[in-house]
Structures are given as C-alpha cells and as structure tokens.
$ cat model-v5.txt   # compact mmCIF, N, CA and C atoms
# COMPACT_ATOMS: atom_id res chain seq x y z
N THR V 1 85.87 80.17 119.79
CA THR V 1 85.16 79.07 119.17
C THR V 1 85.89 77.79 119.50
N ARG V 2 85.14 76.74 119.80
CA ARG V 2 85.75 75.45 120.11
C ARG V 2 85.11 74.39 119.25
N LYS V 3 85.92 73.47 118.83
CA LYS V 3 85.42 72.28 118.15
C LYS V 3 86.12 71.11 118.80
N GLU V 4 85.35 70.22 119.40
CA GLU V 4 85.93 69.07 120.05
C GLU V 4 85.61 67.82 119.26
N SER V 5 86.59 66.96 119.14
CA SER V 5 86.42 65.69 118.46
C SER V 5 86.76 64.60 119.46
N SER V 6 85.79 63.83 119.88
CA SER V 6 86.04 62.81 120.88
C SER V 6 86.96 61.72 120.37
N ALA V 7 86.98 61.50 119.06
CA ALA V 7 87.80 60.43 118.50
C ALA V 7 89.29 60.70 118.66
N ALA V 8 89.71 61.93 118.56
CA ALA V 8 91.13 62.24 118.64
C ALA V 8 91.45 63.19 119.78
N SER V 9 90.45 63.62 120.53
CA SER V 9 90.62 64.55 121.63
C SER V 9 91.32 65.83 121.21
N ASP V 10 91.04 66.28 120.00
CA ASP V 10 91.66 67.52 119.56
C ASP V 10 90.68 68.67 119.68
N VAL V 11 91.18 69.80 120.11
CA VAL V 11 90.36 70.99 120.28
C VAL V 11 91.03 72.11 119.50
N TYR V 12 90.26 72.77 118.68
CA TYR V 12 90.77 73.92 117.93
C TYR V 12 90.05 75.16 118.41
N LYS V 13 90.79 76.22 118.56
CA LYS V 13 90.22 77.54 118.79
C LYS V 13 90.81 78.43 117.72
N ARG V 14 90.05 79.39 117.29
CA ARG V 14 90.57 80.28 116.26
C ARG V 14 90.19 81.72 116.58
N GLN V 15 91.01 82.61 116.07
CA GLN V 15 90.72 84.03 116.09
C GLN V 15 90.75 84.48 114.64
N ARG V 16 89.68 85.12 114.25
CA ARG V 16 89.53 85.50 112.85
C ARG V 16 89.29 87.02 112.78
N ASN V 17 89.88 87.66 111.79
CA ASN V 17 89.72 89.09 111.64
C ASN V 17 89.63 89.41 110.15
N LYS V 18 88.48 89.91 109.72
CA LYS V 18 88.27 90.33 108.33
C LYS V 18 88.67 89.25 107.33
N GLY V 19 88.27 88.01 107.61
CA GLY V 19 88.52 86.93 106.67
C GLY V 19 89.89 86.30 106.75
N PHE V 20 90.71 86.73 107.70
CA PHE V 20 92.04 86.16 107.88
C PHE V 20 92.12 85.43 109.21
N ILE V 21 92.92 84.41 109.25
CA ILE V 21 93.14 83.65 110.48
C ILE V 21 94.24 84.34 111.26
N GLU V 22 93.88 84.95 112.39
CA GLU V 22 94.88 85.62 113.21
C GLU V 22 95.70 84.60 113.99
N ALA V 23 95.02 83.59 114.52
CA ALA V 23 95.72 82.58 115.32
C ALA V 23 94.89 81.31 115.35
N ILE V 24 95.58 80.20 115.45
CA ILE V 24 94.93 78.91 115.63
C ILE V 24 95.60 78.25 116.82
N PHE V 25 94.78 77.83 117.76
CA PHE V 25 95.28 77.13 118.94
C PHE V 25 94.68 75.74 118.96
N PHE V 26 95.41 74.77 119.45
CA PHE V 26 94.89 73.42 119.52
C PHE V 26 95.33 72.75 120.80
N GLN V 27 94.61 71.71 121.13
CA GLN V 27 94.98 70.85 122.25
C GLN V 27 94.74 69.43 121.79
N ALA V 28 95.76 68.62 121.83
CA ALA V 28 95.64 67.24 121.39
C ALA V 28 96.46 66.37 122.33
N PHE V 29 96.02 65.16 122.53
CA PHE V 29 96.69 64.24 123.44
C PHE V 29 97.01 62.95 122.71
N GLY V 30 98.13 62.35 123.08
CA GLY V 30 98.43 61.01 122.60
C GLY V 30 99.34 60.95 121.40
N CYS V 31 98.79 60.64 120.28
CA CYS V 31 99.51 60.32 119.07
C CYS V 31 100.50 61.43 118.66
N PRO V 32 101.80 61.11 118.61
CA PRO V 32 102.78 62.12 118.21
C PRO V 32 102.57 62.62 116.78
N HIS V 33 102.04 61.76 115.92
CA HIS V 33 101.77 62.19 114.54
C HIS V 33 100.67 63.23 114.50
N LEU V 34 99.63 63.03 115.31
CA LEU V 34 98.55 63.99 115.39
C LEU V 34 99.06 65.32 115.95
N LEU V 35 99.88 65.26 116.98
CA LEU V 35 100.44 66.48 117.57
C LEU V 35 101.29 67.25 116.55
N ALA V 36 102.11 66.53 115.80
CA ALA V 36 102.95 67.17 114.79
C ALA V 36 102.09 67.81 113.70
N ALA V 37 101.07 67.11 113.27
CA ALA V 37 100.20 67.63 112.22
C ALA V 37 99.43 68.85 112.70
N CYS V 38 98.93 68.82 113.92
CA CYS V 38 98.21 69.98 114.48
C CYS V 38 99.13 71.19 114.56
N ALA V 39 100.34 70.99 115.04
CA ALA V 39 101.30 72.09 115.15
C ALA V 39 101.63 72.66 113.77
N PHE V 40 101.85 71.80 112.81
CA PHE V 40 102.17 72.25 111.45
C PHE V 40 101.01 73.07 110.88
N VAL V 41 99.80 72.55 110.99
CA VAL V 41 98.63 73.24 110.43
C VAL V 41 98.42 74.59 111.10
N ALA V 42 98.53 74.62 112.43
CA ALA V 42 98.34 75.88 113.16
C ALA V 42 99.36 76.93 112.70
N GLU V 43 100.60 76.54 112.55
CA GLU V 43 101.64 77.47 112.13
C GLU V 43 101.48 77.87 110.66
N HIS V 44 101.16 76.91 109.83
CA HIS V 44 101.07 77.14 108.39
C HIS V 44 99.93 78.09 108.00
N PHE V 45 98.79 77.98 108.66
CA PHE V 45 97.63 78.76 108.25
C PHE V 45 97.46 80.07 109.01
N GLU V 46 98.26 80.30 110.02
CA GLU V 46 98.17 81.56 110.76
C GLU V 46 98.51 82.73 109.83
N GLY V 47 97.65 83.74 109.84
CA GLY V 47 97.86 84.92 109.02
C GLY V 47 97.35 84.80 107.59
N ARG V 48 96.81 83.66 107.25
CA ARG V 48 96.33 83.43 105.87
C ARG V 48 94.81 83.61 105.80
N PRO V 49 94.27 83.79 104.60
CA PRO V 49 92.81 83.89 104.45
C PRO V 49 92.12 82.61 104.91
N VAL V 50 90.94 82.75 105.49
CA VAL V 50 90.18 81.60 105.97
C VAL V 50 89.95 80.60 104.84
N GLY V 51 89.72 81.06 103.64
CA GLY V 51 89.47 80.18 102.50
C GLY V 51 90.64 79.28 102.15
N ASP V 52 91.84 79.65 102.56
CA ASP V 52 93.02 78.82 102.26
C ASP V 52 92.94 77.43 102.90
N ILE V 53 92.15 77.31 103.96
CA ILE V 53 92.05 76.01 104.64
C ILE V 53 91.46 74.96 103.71
N ASP V 54 90.70 75.40 102.71
CA ASP V 54 90.15 74.46 101.74
C ASP V 54 91.24 73.75 100.95
N ALA V 55 92.42 74.35 100.88
CA ALA V 55 93.53 73.77 100.14
C ALA V 55 94.30 72.73 100.95
N LEU V 56 93.92 72.52 102.20
CA LEU V 56 94.61 71.53 103.03
C LEU V 56 94.43 70.15 102.42
N ASP V 57 95.52 69.54 102.07
CA ASP V 57 95.52 68.20 101.47
C ASP V 57 96.15 67.25 102.48
N THR V 58 95.33 66.39 103.07
CA THR V 58 95.85 65.50 104.11
C THR V 58 96.90 64.54 103.57
N ALA V 59 96.80 64.15 102.32
CA ALA V 59 97.82 63.26 101.74
C ALA V 59 99.17 63.96 101.68
N ASP V 60 99.17 65.23 101.25
CA ASP V 60 100.42 66.01 101.23
C ASP V 60 100.97 66.21 102.64
N LEU V 61 100.07 66.48 103.57
CA LEU V 61 100.47 66.66 104.97
C LEU V 61 101.13 65.38 105.49
N MET V 62 100.52 64.26 105.20
CA MET V 62 101.08 62.98 105.65
C MET V 62 102.45 62.72 105.03
N ARG V 63 102.60 63.02 103.75
CA ARG V 63 103.90 62.83 103.09
C ARG V 63 104.96 63.75 103.68
N SER V 64 104.63 65.02 103.82
CA SER V 64 105.64 65.98 104.29
C SER V 64 106.06 65.72 105.74
N LEU V 65 105.16 65.19 106.55
CA LEU V 65 105.49 64.89 107.95
C LEU V 65 105.84 63.42 108.17
N GLN V 66 105.88 62.65 107.08
CA GLN V 66 106.19 61.22 107.13
C GLN V 66 105.28 60.46 108.12
N ILE V 67 103.99 60.73 107.99
CA ILE V 67 102.99 60.09 108.83
C ILE V 67 102.58 58.77 108.17
N PRO V 68 102.60 57.68 108.92
CA PRO V 68 102.25 56.38 108.34
C PRO V 68 100.80 56.35 107.84
N THR V 69 100.58 55.55 106.82
CA THR V 69 99.26 55.42 106.20
C THR V 69 98.19 55.02 107.21
N GLU V 70 98.54 54.19 108.18
CA GLU V 70 97.55 53.74 109.15
C GLU V 70 97.05 54.87 110.06
N LYS V 71 97.66 56.05 109.99
CA LYS V 71 97.21 57.21 110.78
C LYS V 71 96.34 58.15 109.95
N ALA V 72 95.97 57.76 108.74
CA ALA V 72 95.18 58.62 107.85
C ALA V 72 93.87 59.06 108.49
N GLY V 73 93.23 58.19 109.24
CA GLY V 73 91.97 58.54 109.88
C GLY V 73 92.11 59.70 110.83
N LYS V 74 93.22 59.77 111.54
CA LYS V 74 93.45 60.88 112.47
C LYS V 74 93.66 62.19 111.71
N MET V 75 94.27 62.10 110.55
CA MET V 75 94.47 63.32 109.76
C MET V 75 93.13 63.85 109.22
N LEU V 76 92.23 62.96 108.88
CA LEU V 76 90.90 63.38 108.42
C LEU V 76 90.11 63.99 109.57
N ILE V 77 90.25 63.45 110.76
CA ILE V 77 89.58 64.03 111.93
C ILE V 77 90.14 65.43 112.20
N LEU V 78 91.45 65.57 112.08
CA LEU V 78 92.09 66.87 112.24
C LEU V 78 91.51 67.87 111.24
N GLN V 79 91.42 67.48 110.00
CA GLN V 79 90.89 68.36 108.95
C GLN V 79 89.42 68.72 109.24
N ASP V 80 88.61 67.76 109.61
CA ASP V 80 87.21 68.03 109.92
C ASP V 80 87.06 68.99 111.09
N ALA V 81 87.85 68.79 112.14
CA ALA V 81 87.79 69.67 113.32
C ALA V 81 88.20 71.08 112.96
N LEU V 82 89.24 71.22 112.16
CA LEU V 82 89.71 72.53 111.76
C LEU V 82 88.70 73.27 110.89
N VAL V 83 88.15 72.59 109.92
CA VAL V 83 87.16 73.20 109.04
C VAL V 83 85.93 73.62 109.84
N ALA V 84 85.45 72.76 110.73
CA ALA V 84 84.28 73.10 111.54
C ALA V 84 84.56 74.31 112.42
N CYS V 85 85.74 74.38 112.99
CA CYS V 85 86.09 75.52 113.83
C CYS V 85 86.13 76.81 113.03
N LEU V 86 86.79 76.77 111.89
CA LEU V 86 86.92 77.99 111.08
C LEU V 86 85.60 78.44 110.47
N ASN V 87 84.70 77.49 110.25
CA ASN V 87 83.41 77.83 109.66
C ASN V 87 82.35 78.21 110.68
N SER V 88 82.66 78.05 111.95
CA SER V 88 81.67 78.38 112.98
C SER V 88 81.50 79.90 113.05
N SER V 89 80.33 80.32 113.44
CA SER V 89 80.03 81.75 113.43
C SER V 89 80.29 82.42 114.77
N SER V 90 80.52 81.65 115.81
CA SER V 90 80.71 82.30 117.11
C SER V 90 82.15 82.41 117.48
$ encode --input "model-v5.txt" --output "structure tokens"
Amino acid sequence: TRKESSAASDVYKRQRNKGFIEAIFFQAFGCPHLLAACAFVAEHFEGRPVGDIDALDTADLMRSLQIPTEKAGKMLILQDALVACLNSSS
C-alpha cells in the first residue's frame, strides 16, 4: 500500500497482519525534522495494533523530538499520510 503526499514528498508503505502493524516503511526528502519524525513513528508503531495509530499526538511528537512550532504543518501531513496508509484496504 502506498500513500503519497505531494506537500511533504513522504511515502508510507505498511505490512499488516491480523490487525497488527508488522512493518512501516517510509520515504521522505528534505526537512530533517520530518525525517526524524517519520523514523520515530515507523519504529514506535511497528508490532503494535493498527488502532494504536489513533493515539499519535503530533504535539507530543514535536515536544519529544524538539521540532519547532513552525514545522507543525509537516507533522500533520505525516499523520494524515500514515493514517491513510494504515486504513487503506489494499
């Protein structure tokens, strides 16, 4: 499954098995904050139930990774891309 976001050029792929996230892969270019956030999210949610992604709090993510407030839009794009990927049926 692929979800592409032209605004941030991030691509998520997922492997899902019986309601659990087996693996999350991403491709992102440019912003180091976006890259760090993508890597953190991919590592953090691997092996967890798909429903856990609903608990992703971009404000907490920004605080824990010390992402500047002006990058909040990129974190929301990251969240939208991830949710769309995990919710896709193919």
$ atom_distance --input "model-v5.txt" --atom1 "atom C of Val50 of chain V" --atom2 "atom C of Gly19 of chain V"
6.0 Å
$ atom_distance --input "model-v5.txt" --atom1 "atom CA of Glu70 of chain V" --atom2 "atom CA of Phe25 of chain V"
25.5 Å
$ residues_near_point --input "model-v5.txt" --point "(95.5, 76.7, 112.6)" --cutoff "8 Å" --atoms "only C-alpha atoms" --output "JSON, numbers by chain"
{"V": [12, 14, 21, 23, 24, 25, 26, 38, 39, 41, 42, 43, 44, 45, 46, 82]}
$ atom_distance --input "model-v5.txt" --atom1 "atom CA of Asp54 of chain V" --atom2 "atom CA of Val83 of chain V"
8.0 Å
$ select_by_dssp --input "model-v5.txt" --residues "chain V" --states "strand (DSSP E or B)" --output "list in words"
Lys3, Glu4, Ser5, Asp10, Val11, Tyr12, Lys13, Arg14, Gln15, Arg16, Asn17, Phe20, Ile21, Glu22, Ala23, Ile24, Phe25, Phe26, Gln27 and Pro49 of chain V
